[in-house]
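Undergrad: Sharing a structure here in structure tokens format.
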Amino acid sequence: MKTSSDGSRSPSAFLAVSLAFVINMMGTTLPTAIYRYYQLQYGFTATVITVIYACYAAGVLGALLVVGNWSDQLGRRRMLLVGLCMSAASAITFLLSHGLAGLMLGRLLSGISAGIFTGTATVAVIELAPPAWRRHATLAATASNMLGLGCGPLLSGVLVELLPWPMQLPYAVHLLLVAAAMVAVWSAPETAQRPARIALGLQRISLPAEVRGVFVPAAMAGFAGFVVVGFFAAVAPQLIRVVLGYKSGIVIGAIVFLLFACSALGQTLQASIPAPRRQLAGCMGLVAGLLGVALCVPERSLGVLLTGTALAGIGQGISFRAALGDIAAKSPPHRRAEVTSSFFVVLYVAISLPVIGLGLVVQLAGVERATLIFAALTIVLVLVALLLLRSQDAHIRTANSA
């Protein structure tokens with residue numbers, strides 16, 4: 001397959017793959033505003049919703065570990081098309097589902113799609129950037145990821161409130177969008193230099209020597225930020241309905257979208273922050289946001305939740321963008337997808353395992369206590385990550401001055 005050169009990387013191909021990234025990730029959060037209809041239809045408890053969410057997390061991690069580095073050998077475009085096929089299969093499964101088994105399978109397929117797409121599309125967007133846009137390429141990749149995740153709940157929230165068939169229509173609309181994304185990816189040039197001999201295998205959780213120094217602190221900060229993302233995707237809708245009393249899918253979708261939109265804003269703002277202070281700014285934003293989320297429980301205040309959501313999103317975006325940029329810059333080109341996928345393995349552990357535990361706490365102690373426990377423990381995690389980051393920075397400075 002012919003690979004692209006700098007001269008053949010057009011703005012249209014760059015924008016087309018970025019849009020496909022948004023569309024694919026929309027499908028992974030589409031059920032957020034639909035879960036309450038599943039609860040009403042099938043009598044699901046909070047624990048069952050957590051089990052459904054766990055299927056998504058299992059699909060993501062499985063795909064990252066199995067095929068995370070395959071696009072380095074098979075090509076970016078081919079793997080992106082496979083990811084979109086999995087997204088379409090997920091939507092069809094949801095459309096035909098009549099119970100728990102179908103929902104679990106749909107979320108598993110959605111997770112596989114996200115696992116294939118996350119690392120591959122991030123690298124593809126960066127590699128497709130025209131030379132004049134190169135310094136904004138990582139921002140475009142990470143913002144596409146976050147905006148896609150945010151648009152899913154917003155789209156489904158609007159559709160379930162304003163139109164009929166709340167458990168089917170959002171997936172039908174997404175199928176049409178996936179078809180458009182397939183056309184966009186098919187028209188884009190290949191960017192990976194495929195080896196003469198293909199040897200596929202499981203994703204190695206190992207790192208080239210040149211990237212290890214930045215990977216560990218970056219992964220630690222990213223882990224803390226994505227714990228917050230997992231909370232908003234899986235548990236925040238219950239908080240908004242039960243504690244604050246807002247049951248509209250549009251309101252719930254808009255609040256979840258706010259987190260991801262502010263994440264994209266934070267990714268933009270991080271460029272104006274001196275590099276040594278970016279992770280500090282991101283972690284402080286997360287702490288301030290988590291305090292707002294906790295305070296909205298006793299205050300019963302939507303305004304406090306919105307403030308906390310915005311601050312948490314900005315903080316998460318700053319730390320996430322800084323981490324991914326450092327990793328992409330240090331990774332050898334022929335192992336870039338492998339390293340990026342390893343980073344996202346850490347992030348999706350953060351977005352899944354803590355939330356699964358949180359779902360059990362919601363079932364046992366109620367969403368109010370669960371939210372307070374979540375906020376307290378995540379603040380501790382962020383502060384520990386910050387201490388480790390500062391310690392790593394001090395070690396690097398000492399080594400450079402020796």
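By convention in this document, the chains of the structure tokens carry letters A, B, ... by their order, each chain's residues are numbered from 1, and ligands are numbered from 1 in the order they are shown.
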Got a sec: who's within 6 Å of A:Ser113, counting only C-alpha atoms, leaving out chain neighbours fewer than 5 positions off, as a list in words?
TA: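 The neighbour list is Gly83, Met86 and Ser87 of chain A.
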Undergrad: Using N, CA and C atoms, can you write the selected residues to a file as a PDB file, in the first residue's frame?
TA:
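Written file, selection_16.pdb:
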ATOM      1  N   GLY A  83     -11.971  -0.872  12.998  1.00  0.00           N
ATOM      2  CA  GLY A  83     -12.586  -0.251  14.167  1.00  0.00           C
ATOM      3  C   GLY A  83     -13.976   0.277  13.875  1.00  0.00           C
ATOM      4  N   MET A  86     -16.445  -2.555  13.765  1.00  0.00           N
ATOM      5  CA  MET A  86     -16.842  -2.964  15.110  1.00  0.00           C
ATOM      6  C   MET A  86     -17.857  -1.987  15.707  1.00  0.00           C
ATOM      7  N   SER A  87     -17.686  -0.701  15.412  1.00  0.00           N
ATOM      8  CA  SER A  87     -18.645   0.300  15.891  1.00  0.00           C
ATOM      9  C   SER A  87     -20.013   0.074  15.258  1.00  0.00           C
TER      10      SER A  87
END
Undergrad: Tell me, as a short mmCIF file (atom, residue, chain, number, x, y, z; two decimals) with C-alpha atoms, in the first residue's frame, which residues lie within 7 Å of stretch 18-28 of chain A, counting only C-alpha atoms; anything in the same chain fewer than 5 positions away does not count.
TA:
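What ended up in selection39.cif:
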data_model
loop_
_atom_site.label_atom_id
_atom_site.label_comp_id
_atom_site.auth_asym_id
_atom_site.auth_seq_id
_atom_site.Cartn_x
_atom_site.Cartn_y
_atom_site.Cartn_z
CA LEU A 84 -15.47 1.39 12.34
CA SER A 87 -18.65 0.30 15.89
CA SER A 110 -18.13 -0.83 21.32
CA GLY A 111 -15.12 -1.31 23.60
CA ALA A 114 -12.60 2.12 20.92
CA ALA A 121 -6.41 7.17 15.12
CA VAL A 125 -4.14 12.15 12.82
CA ALA A 141 -5.92 14.08 17.89
CA SER A 144 -11.07 14.68 18.51
CA ASN A 145 -11.03 11.89 21.08
CA LEU A 147 -15.09 15.82 21.72
CA GLY A 148 -16.26 12.50 20.33
CA LEU A 149 -16.70 11.12 23.84
CA CYS A 151 -20.85 14.35 21.69
CA GLY A 152 -22.18 10.83 22.30
CA HIS A 174 -24.92 6.63 14.62
CA LEU A 177 -22.53 8.60 10.76
CA VAL A 178 -20.27 5.53 10.82
CA ALA A 181 -16.70 7.94 8.57
CA ALA A 184 -13.65 9.49 4.98
CA VAL A 185 -11.10 6.90 6.13
#
Undergrad: Write out as a PyMOL selection string which residues come within 12 Å of A:Ala140 when counting only C-alpha atoms, dropping same-chain ones fewer than 5 positions away.
TA: chain A and resi 14-19+21-22+121-129+133-135+145-148+264-265+267-268+321+324-325
Undergrad: Using only C-alpha atoms, please write the residues we just selected to a file, as a PDB file, in the first residue's frame.
TA:
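result_27.pdb, freshly written:
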ATOM      1  CA  PHE A  14      -6.319  15.294   8.023  1.00  0.00           C
ATOM      2  CA  LEU A  15      -9.791  16.712   8.717  1.00  0.00           C
ATOM      3  CA  ALA A  16     -11.534  13.598   7.353  1.00  0.00           C
ATOM      4  CA  VAL A  17      -9.708  11.220   9.705  1.00  0.00           C
ATOM      5  CA  SER A  18     -10.183  13.642  12.627  1.00  0.00           C
ATOM      6  CA  LEU A  19     -13.932  13.644  11.924  1.00  0.00           C
ATOM      7  CA  PHE A  21     -12.221   9.792  15.114  1.00  0.00           C
ATOM      8  CA  VAL A  22     -15.006  11.982  16.570  1.00  0.00           C
ATOM      9  CA  ALA A 121      -6.411   7.170  15.124  1.00  0.00           C
ATOM     10  CA  THR A 122      -4.308   9.281  17.481  1.00  0.00           C
ATOM     11  CA  VAL A 123      -1.172   8.343  15.560  1.00  0.00           C
ATOM     12  CA  ALA A 124      -2.895   8.614  12.146  1.00  0.00           C
ATOM     13  CA  VAL A 125      -4.142  12.155  12.823  1.00  0.00           C
ATOM     14  CA  ILE A 126      -0.657  13.233  13.951  1.00  0.00           C
ATOM     15  CA  GLU A 127       0.985  11.662  10.889  1.00  0.00           C
ATOM     16  CA  LEU A 128      -1.566  13.087   8.415  1.00  0.00           C
ATOM     17  CA  ALA A 129      -1.116  16.676   9.576  1.00  0.00           C
ATOM     18  CA  TRP A 133      -0.322  22.266  10.919  1.00  0.00           C
ATOM     19  CA  ARG A 134       2.201  19.874  12.458  1.00  0.00           C
ATOM     20  CA  ARG A 135       2.527  21.663  15.778  1.00  0.00           C
ATOM     21  CA  ASN A 145     -11.031  11.887  21.078  1.00  0.00           C
ATOM     22  CA  MET A 146     -12.523  14.009  23.851  1.00  0.00           C
ATOM     23  CA  LEU A 147     -15.095  15.819  21.725  1.00  0.00           C
ATOM     24  CA  GLY A 148     -16.257  12.500  20.329  1.00  0.00           C
ATOM     25  CA  ALA A 264     -10.618  20.023  24.755  1.00  0.00           C
ATOM     26  CA  LEU A 265     -10.340  23.619  26.036  1.00  0.00           C
ATOM     27  CA  GLN A 267      -5.752  20.849  25.830  1.00  0.00           C
ATOM     28  CA  THR A 268      -5.716  24.155  23.959  1.00  0.00           C
ATOM     29  CA  ARG A 321      -2.510  16.772  26.271  1.00  0.00           C
ATOM     30  CA  LEU A 324       0.465  12.497  25.111  1.00  0.00           C
ATOM     31  CA  GLY A 325       2.563  15.193  23.456  1.00  0.00           C
TER      32      GLY A 325
END
Undergrad: Go through A:Thr142, A:Thr398, A:Thr371, A:Ser248 and flag the residue nearest A:Val297, using only C-alpha atoms for the distances.
TA: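 Among the listed residues, A:Thr371 lies closest to A:Val297.
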Undergrad: Considering only C-alpha atoms, can you say which of A:Pro164, A:Pro298, A:Gly222, A:Gly59 comes closest to A:Leu108?
TA: A:Gly59
Undergrad: As a VMD selection string, list the residues of stretch 150-303 of chain A assigned to helix (DSSP H, G or I) by DSSP on the backbone atoms of this structure.
TA: chain A and resid 150 to 162 169 to 187 209 to 234 236 to 243 249 to 272 275 to 299 302 to 303
